[in-house]
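Worksheet: the structure to be examined is printed underneath.
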Amino acid sequence: MSLLGRDQQSLIKSRADVRTIGDEEKPSYPAMLAASGLCTLIALAPLPFASMDMRIIAVWVLLLSGVLLLTVPQEISSRDLAFLCGFAAISLSWVFVVSEQLSETSLLSRRLAAPIWGQTSAVLGEQLSGSISVALNQPFFSAGSQIACLLSMLCGYLVGRNRHTARLLLVSFLGSTLAYAIYGLIAHSFWPDYLLWHRKYNYLGSLTATFINPNVAACYFGAATIGWVLVFAAMGGDRPSEPPLPWREWVRSRLHTFSPLRTLGLLACFAMLSTTMLTGSRAGSVLALLCLAGALGTYFRRGLQKRGLLWIFPIAAMLLIVGVISILAPMVNRRFGVQGFFDSGRWQAYASTMEIIRDFPWLGSGLGTFRWVFPEYRSGDIASYGVWDQAHNSTLEAAAEMGIPFALFLGIGWLVSLVVLVRGMLGRNRDAILPTAAFWIGLLAILHSQVDFPLQVPGFALAICPILGMGMAQSFSSRANALTHPFNRS
């Protein structure tokens, strides 16, 4: 994988049945087949209208199930077992909540049944067997996307334990995002009124590519911008741990080593950044630039520290962010001037969602029922136009639909994932770009989900979650376990 650099290291002695490529072990055929399936998911999930259709989600669940079955025969270490226990704990808690929301006979479902069932029984004069969910069986129809997201992260971890396939996952993500960015730029220039082959009636001035909402598109292309810029930085040949060159020699080396491949990499970075800005998303654009600055500062932290520029970098980054938004994002500037940092009614919507959480604190109102519950709690201070089918805060919506305990448990899971990625980002020298890219992409997705809903869109989440799983797997060096790596079997 020349895009991510090539380490020149001594070959590790291994068993006779282990085949090697350079200094890394070649994955077995089932492992490569699993990696190919996961790369297909990463590349195609955003294409069919962000995979919002339940039939498409069912296809992805079947594909991920096949990938998971291909990775099951592989050996696992004690560290892998700890991660698998974490995934299992979150999965079992999710299954418990959803099963209780669907049940009509369990003790909890009878005691915590939604009040609407009693009110309806009183109106009809007939006793109805209600459920915790305010919409009967709605959790069943909304479960597919969450199952797919959890499976994709789990498969990303299992497949990404091997260096070769981990880099393949990242390259697949970056290559597919570049293709979508090129399509988005062309479509925005020539067919701005169409989303693929359907005519669109909203967000006519915003670039959305294959996504319906420009905010989700901004987060997707912003995540890709982070990955592409880190890859371009790694193309320089020098490593962050090496002593810095004098400025004159550093500039001369960059000019002499500039190749057609690096030129294409620079053009890809510019295309991704331009696509992000043209979405017109305020939060998506600003958060993407902040995370991009953080990724670069982290990657070059040792060089900046040795040059005495570490404290200047945040100031320079803020000035560059303001300049980029001023030059490349005129729509974002205009929206800041007219609407400020938040849309009217956003805070009132959050307050209304908190009222839902207050009335359904333990097991929520039912997975996928926010759009049915919110009208009853909708504040009068919110403008009468528009339909709020999302809370624009994934944490609050999870607490409203699944209850406070599960939302806290899920938040702890995300926090642990970020801590693991930080450990790999700051602790690894070889392949440090993998956990670094995964951390800042994951942080962007989590932060943006606090003011919008990108992680609730399957086309975005199914492309990002495997990268996060891969980053966690690559947060630990595989050299110590080189002879017992799970992909050693041919």
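Residue numbers start at 1 in each chain; chains themselves are named A, B, ... in the order of the structure tokens; ligands are numbered from 1 in the order shown.
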
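Excluding Tyr350 in chain A itself and any same-chain residue fewer than 6 positions from it, the protein and nucleic acid residues within 10 Å of it, counting only C-alpha atoms, are A:Ile356, A:Arg378, A:Ser379, A:Ala391, A:His392, A:Asn393, A:Leu396, A:Glu397, A:Val451.
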
Would you kindly return, as a PyMOL selection string, each protein, DNA or RNA residue with an atom no farther than 6 Å from any atom of range 151-168 of chain A, considering only C-alpha atoms and excluding same-chain residues fewer than 5 positions away? chain A and resi 68+465-466+469-470+473

Selection above as a file: N, CA and C atoms, as a PDB file, in the first residue's frame:
ATOM      1  N   LEU A  68     -18.625 -11.833   9.132  1.00  0.00           N
ATOM      2  CA  LEU A  68     -18.382 -12.286  10.503  1.00  0.00           C
ATOM      3  C   LEU A  68     -18.136 -13.791  10.552  1.00  0.00           C
ATOM      4  N   CYS A 465     -18.089   3.176  10.722  1.00  0.00           N
ATOM      5  CA  CYS A 465     -17.894   2.242  11.829  1.00  0.00           C
ATOM      6  C   CYS A 465     -16.802   1.192  11.563  1.00  0.00           C
ATOM      7  N   PRO A 466     -16.679   0.629  10.348  1.00  0.00           N
ATOM      8  CA  PRO A 466     -15.556  -0.297  10.127  1.00  0.00           C
ATOM      9  C   PRO A 466     -14.199   0.369  10.299  1.00  0.00           C
ATOM     10  N   GLY A 469     -13.574   0.451  14.037  1.00  0.00           N
ATOM     11  CA  GLY A 469     -13.182  -0.873  14.505  1.00  0.00           C
ATOM     12  C   GLY A 469     -11.763  -1.216  14.101  1.00  0.00           C
ATOM     13  N   MET A 470     -11.399  -0.910  12.855  1.00  0.00           N
ATOM     14  CA  MET A 470     -10.033  -1.150  12.390  1.00  0.00           C
ATOM     15  C   MET A 470      -9.036  -0.345  13.211  1.00  0.00           C
ATOM     16  N   ALA A 473      -8.375  -1.983  16.498  1.00  0.00           N
ATOM     17  CA  ALA A 473      -7.523  -3.165  16.337  1.00  0.00           C
ATOM     18  C   ALA A 473      -6.067  -2.774  16.121  1.00  0.00           C
TER      19      ALA A 473
END

Counting only C-alpha atoms, give me one row per residue of range 203-223 of chain A with an atom at most 6 Å from an atom of range 268-283 of chain A, showing the shortest contact pair and its distance in Å to one decimal, sorted by chain then residue number, as CSV.
residue,atom,partner,partner_atom,distance
A:Ser206,CA,A:Thr279,CA,4.8
A:Leu207,CA,A:Thr279,CA,4.5
A:Pro214,CA,A:Thr279,CA,5.3
A:Asn215,CA,A:Ser281,CA,5.2
A:Ala218,CA,A:Thr276,CA,4.9
A:Phe221,CA,A:Thr276,CA,5.4
A:Gly222,CA,A:Thr276,CA,5.7

Which of range 240-413 of chain A DSSP labels helix (DSSP H, G or I), written as JSON, numbers by chain: {"A": [247, 248, 249, 250, 251, 252, 253, 254, 255, 256, 260, 261, 262, 263, 264, 265, 266, 267, 268, 269, 270, 271, 272, 273, 274, 275, 276, 277, 278, 282, 283, 284, 285, 286, 287, 288, 289, 290, 291, 292, 293, 294, 295, 296, 297, 298, 299, 301, 302, 303, 304, 305, 306, 313, 314, 315, 316, 317, 318, 319, 320, 321, 322, 323, 324, 325, 326, 327, 328, 330, 331, 332, 333, 334, 335, 336, 337, 338, 339, 346, 347, 348, 349, 350, 351, 352, 353, 354, 355, 356, 357, 358, 359, 370, 371, 372, 373, 374, 375, 376, 377, 394, 395, 396, 397, 398, 399, 400, 401, 402, 404, 405, 406, 407, 408, 409, 410, 411, 412, 413]}

Could the residues in this selection be saved with C-alpha atoms as a short mmCIF file (atom, residue, chain, number, x, y, z; two decimals), in the first residue's frame?
data_model
loop_
_atom_site.label_atom_id
_atom_site.label_comp_id
_atom_site.auth_asym_id
_atom_site.auth_seq_id
_atom_site.Cartn_x
_atom_site.Cartn_y
_atom_site.Cartn_z
CA TRP A 247 13.63 24.74 7.17
CA ARG A 248 15.68 25.24 3.99
CA GLU A 249 16.46 21.54 3.65
CA TRP A 250 12.86 20.62 4.50
CA VAL A 251 11.46 22.85 1.71
CA ARG A 252 14.11 21.61 -0.76
CA SER A 253 13.34 17.96 0.04
CA ARG A 254 9.62 18.57 -0.48
CA LEU A 255 10.22 20.19 -3.86
CA HIS A 256 12.55 17.43 -5.02
CA PRO A 260 2.78 12.66 -9.78
CA LEU A 261 1.37 10.49 -6.97
CA ARG A 262 1.78 13.29 -4.44
CA THR A 263 0.25 15.72 -6.93
CA LEU A 264 -2.81 13.50 -7.22
CA GLY A 265 -2.92 13.25 -3.43
CA LEU A 266 -2.86 17.03 -3.09
CA LEU A 267 -5.64 17.40 -5.67
CA ALA A 268 -7.69 14.78 -3.80
CA CYS A 269 -7.27 16.72 -0.55
CA PHE A 270 -8.44 19.93 -2.24
CA ALA A 271 -11.42 18.15 -3.83
CA MET A 272 -12.50 16.66 -0.52
CA LEU A 273 -12.15 19.97 1.32
CA SER A 274 -14.07 21.85 -1.37
CA THR A 275 -16.84 19.25 -1.35
CA THR A 276 -17.17 19.58 2.42
CA MET A 277 -17.44 23.37 2.24
CA LEU A 278 -19.96 23.32 -0.63
CA ARG A 282 -22.19 25.10 9.45
CA ALA A 283 -21.51 22.49 12.13
CA GLY A 284 -20.20 19.95 9.62
CA SER A 285 -17.74 22.39 8.02
CA VAL A 286 -16.44 23.89 11.27
CA LEU A 287 -16.11 20.57 13.11
CA ALA A 288 -14.43 18.96 10.10
CA LEU A 289 -11.82 21.74 9.99
CA LEU A 290 -11.25 21.58 13.75
CA CYS A 291 -10.76 17.79 13.66
CA LEU A 292 -8.52 18.14 10.60
CA ALA A 293 -6.33 20.60 12.49
CA GLY A 294 -6.27 18.25 15.47
CA ALA A 295 -5.25 15.33 13.24
CA LEU A 296 -2.37 17.26 11.70
CA GLY A 297 -1.25 18.60 15.06
CA THR A 298 -1.26 15.09 16.51
CA TYR A 299 0.55 13.54 13.56
CA ARG A 301 3.36 16.85 17.28
CA ARG A 302 6.94 15.68 17.81
CA GLY A 303 8.30 17.81 14.99
CA LEU A 304 6.32 20.85 16.14
CA GLN A 305 7.52 20.35 19.69
CA LYS A 306 11.16 20.09 18.64
CA PHE A 313 -0.06 25.69 16.00
CA PRO A 314 -3.54 26.17 17.56
CA ILE A 315 -3.47 29.90 16.77
CA ALA A 316 -2.36 29.29 13.19
CA ALA A 317 -4.98 26.55 12.82
CA MET A 318 -7.80 28.86 13.95
CA LEU A 319 -6.69 31.56 11.50
CA LEU A 320 -6.57 29.00 8.68
CA ILE A 321 -10.03 27.70 9.58
CA VAL A 322 -11.48 31.21 9.40
CA GLY A 323 -9.71 31.77 6.08
CA VAL A 324 -10.89 28.49 4.58
CA ILE A 325 -14.51 29.15 5.56
CA SER A 326 -14.32 32.70 4.21
CA ILE A 327 -12.90 31.62 0.84
CA LEU A 328 -14.35 28.17 0.17
CA PRO A 330 -19.72 31.35 1.05
CA MET A 331 -22.99 29.59 1.92
CA VAL A 332 -21.71 28.78 5.41
CA ASN A 333 -20.74 32.44 5.87
CA ARG A 334 -24.18 33.55 4.76
CA ARG A 335 -25.93 31.11 7.10
CA PHE A 336 -23.79 32.27 10.02
CA GLY A 337 -24.77 35.85 9.26
CA VAL A 338 -28.50 35.13 8.96
CA GLN A 339 -29.10 32.31 11.44
CA ARG A 346 -33.00 23.86 18.07
CA TRP A 347 -32.72 24.49 21.82
CA GLN A 348 -36.48 24.27 22.22
CA ALA A 349 -36.42 20.91 20.45
CA TYR A 350 -33.77 19.70 22.88
CA ALA A 351 -35.92 20.83 25.81
CA SER A 352 -38.92 19.01 24.33
CA THR A 353 -36.83 15.86 23.93
CA MET A 354 -35.82 16.12 27.57
CA GLU A 355 -39.49 16.04 28.48
CA ILE A 356 -39.86 12.78 26.54
CA ILE A 357 -36.91 11.36 28.49
CA ARG A 358 -38.54 12.46 31.73
CA ASP A 359 -41.74 10.55 30.91
CA PHE A 370 -39.31 9.68 18.06
CA ARG A 371 -41.23 11.03 15.07
CA TRP A 372 -44.48 9.71 16.56
CA VAL A 373 -43.87 10.96 20.10
CA PHE A 374 -42.34 14.38 19.48
CA PRO A 375 -45.48 16.18 18.22
CA GLU A 376 -47.12 15.75 21.65
CA TYR A 377 -44.12 17.38 23.37
CA SER A 394 -28.25 11.41 18.78
CA THR A 395 -27.56 11.11 22.51
CA LEU A 396 -30.85 12.71 23.51
CA GLU A 397 -32.75 10.71 20.90
CA ALA A 398 -31.17 7.45 22.11
CA ALA A 399 -32.18 8.28 25.67
CA ALA A 400 -35.73 9.16 24.55
CA GLU A 401 -36.18 5.99 22.50
CA MET A 402 -34.12 3.45 24.51
CA ILE A 404 -31.41 6.58 30.16
CA PRO A 405 -29.57 3.39 31.33
CA PHE A 406 -28.93 2.15 27.80
CA ALA A 407 -27.91 5.65 26.62
CA LEU A 408 -25.38 5.86 29.46
CA PHE A 409 -24.06 2.39 28.67
CA LEU A 410 -23.74 3.29 25.01
CA GLY A 411 -21.97 6.54 25.88
CA ILE A 412 -19.47 4.61 28.01
CA GLY A 413 -18.85 2.30 25.05
#

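Residue nearest Thr177 in chain A, chosen from A:Ser449, A:Ser51, A:Gln138, A:Thr210 and counting only C-alpha atoms: A:Thr210.
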
Quick one: of A:Leu84, A:Val134, A:Ala224, A:Leu363, who's nearest to Ala181 in chain A, counting only C-alpha atoms?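 Between A:Leu84, A:Val134, A:Ala224, A:Leu363, the residue approaching Ala181 in chain A most closely is A:Ala224.
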
Rounded to one decimal, what separation in Å do you get between CA of Thr71 in chain A and CA of Pro435 in chain A?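 Separation of CA of Thr71 in chain A and CA of Pro435 in chain A: 21.2 Å.
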
When you count only C-alpha atoms, which of these residues is closest to Arg430 in chain A: A:Phe140, A:Trp414, A:Tyr385, A:Phe476?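 Under the stated criterion, the closest residue is A:Phe476.
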
So which bits of range 14-172 of chain A end up strand (DSSP E or B) when you DSSP the backbone, as a PyMOL selection string? chain A and resi 20-21+24-25

Any chance you can output those residues with C-alpha atoms as a short mmCIF file (atom, residue, chain, number, x, y, z; two decimals), in the first residue's frame?
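Below is the file result-v3.cif, written as the result:
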data_model
loop_
_atom_site.label_atom_id
_atom_site.label_comp_id
_atom_site.auth_asym_id
_atom_site.auth_seq_id
_atom_site.Cartn_x
_atom_site.Cartn_y
_atom_site.Cartn_z
CA THR A 20 4.86 -13.12 3.88
CA ILE A 21 4.81 -9.99 1.77
CA GLU A 24 3.88 -8.41 6.87
CA GLU A 25 2.04 -11.67 6.81
#

Option closest in space to Ser417 in chain A, from A:Ala148, A:Leu124, A:Ala438, A:Leu170 [counting only C-alpha atoms]: A:Ala438

Of the candidates A:Ser344, A:Phe300, A:Leu169, A:Leu195, which one gets nearest to Leu426 in chain A if we count only C-alpha atoms? A:Phe300

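Distance-wise, CA of Ala217 in chain A and CA of Ala383 in chain A end up 25.4 Å apart.
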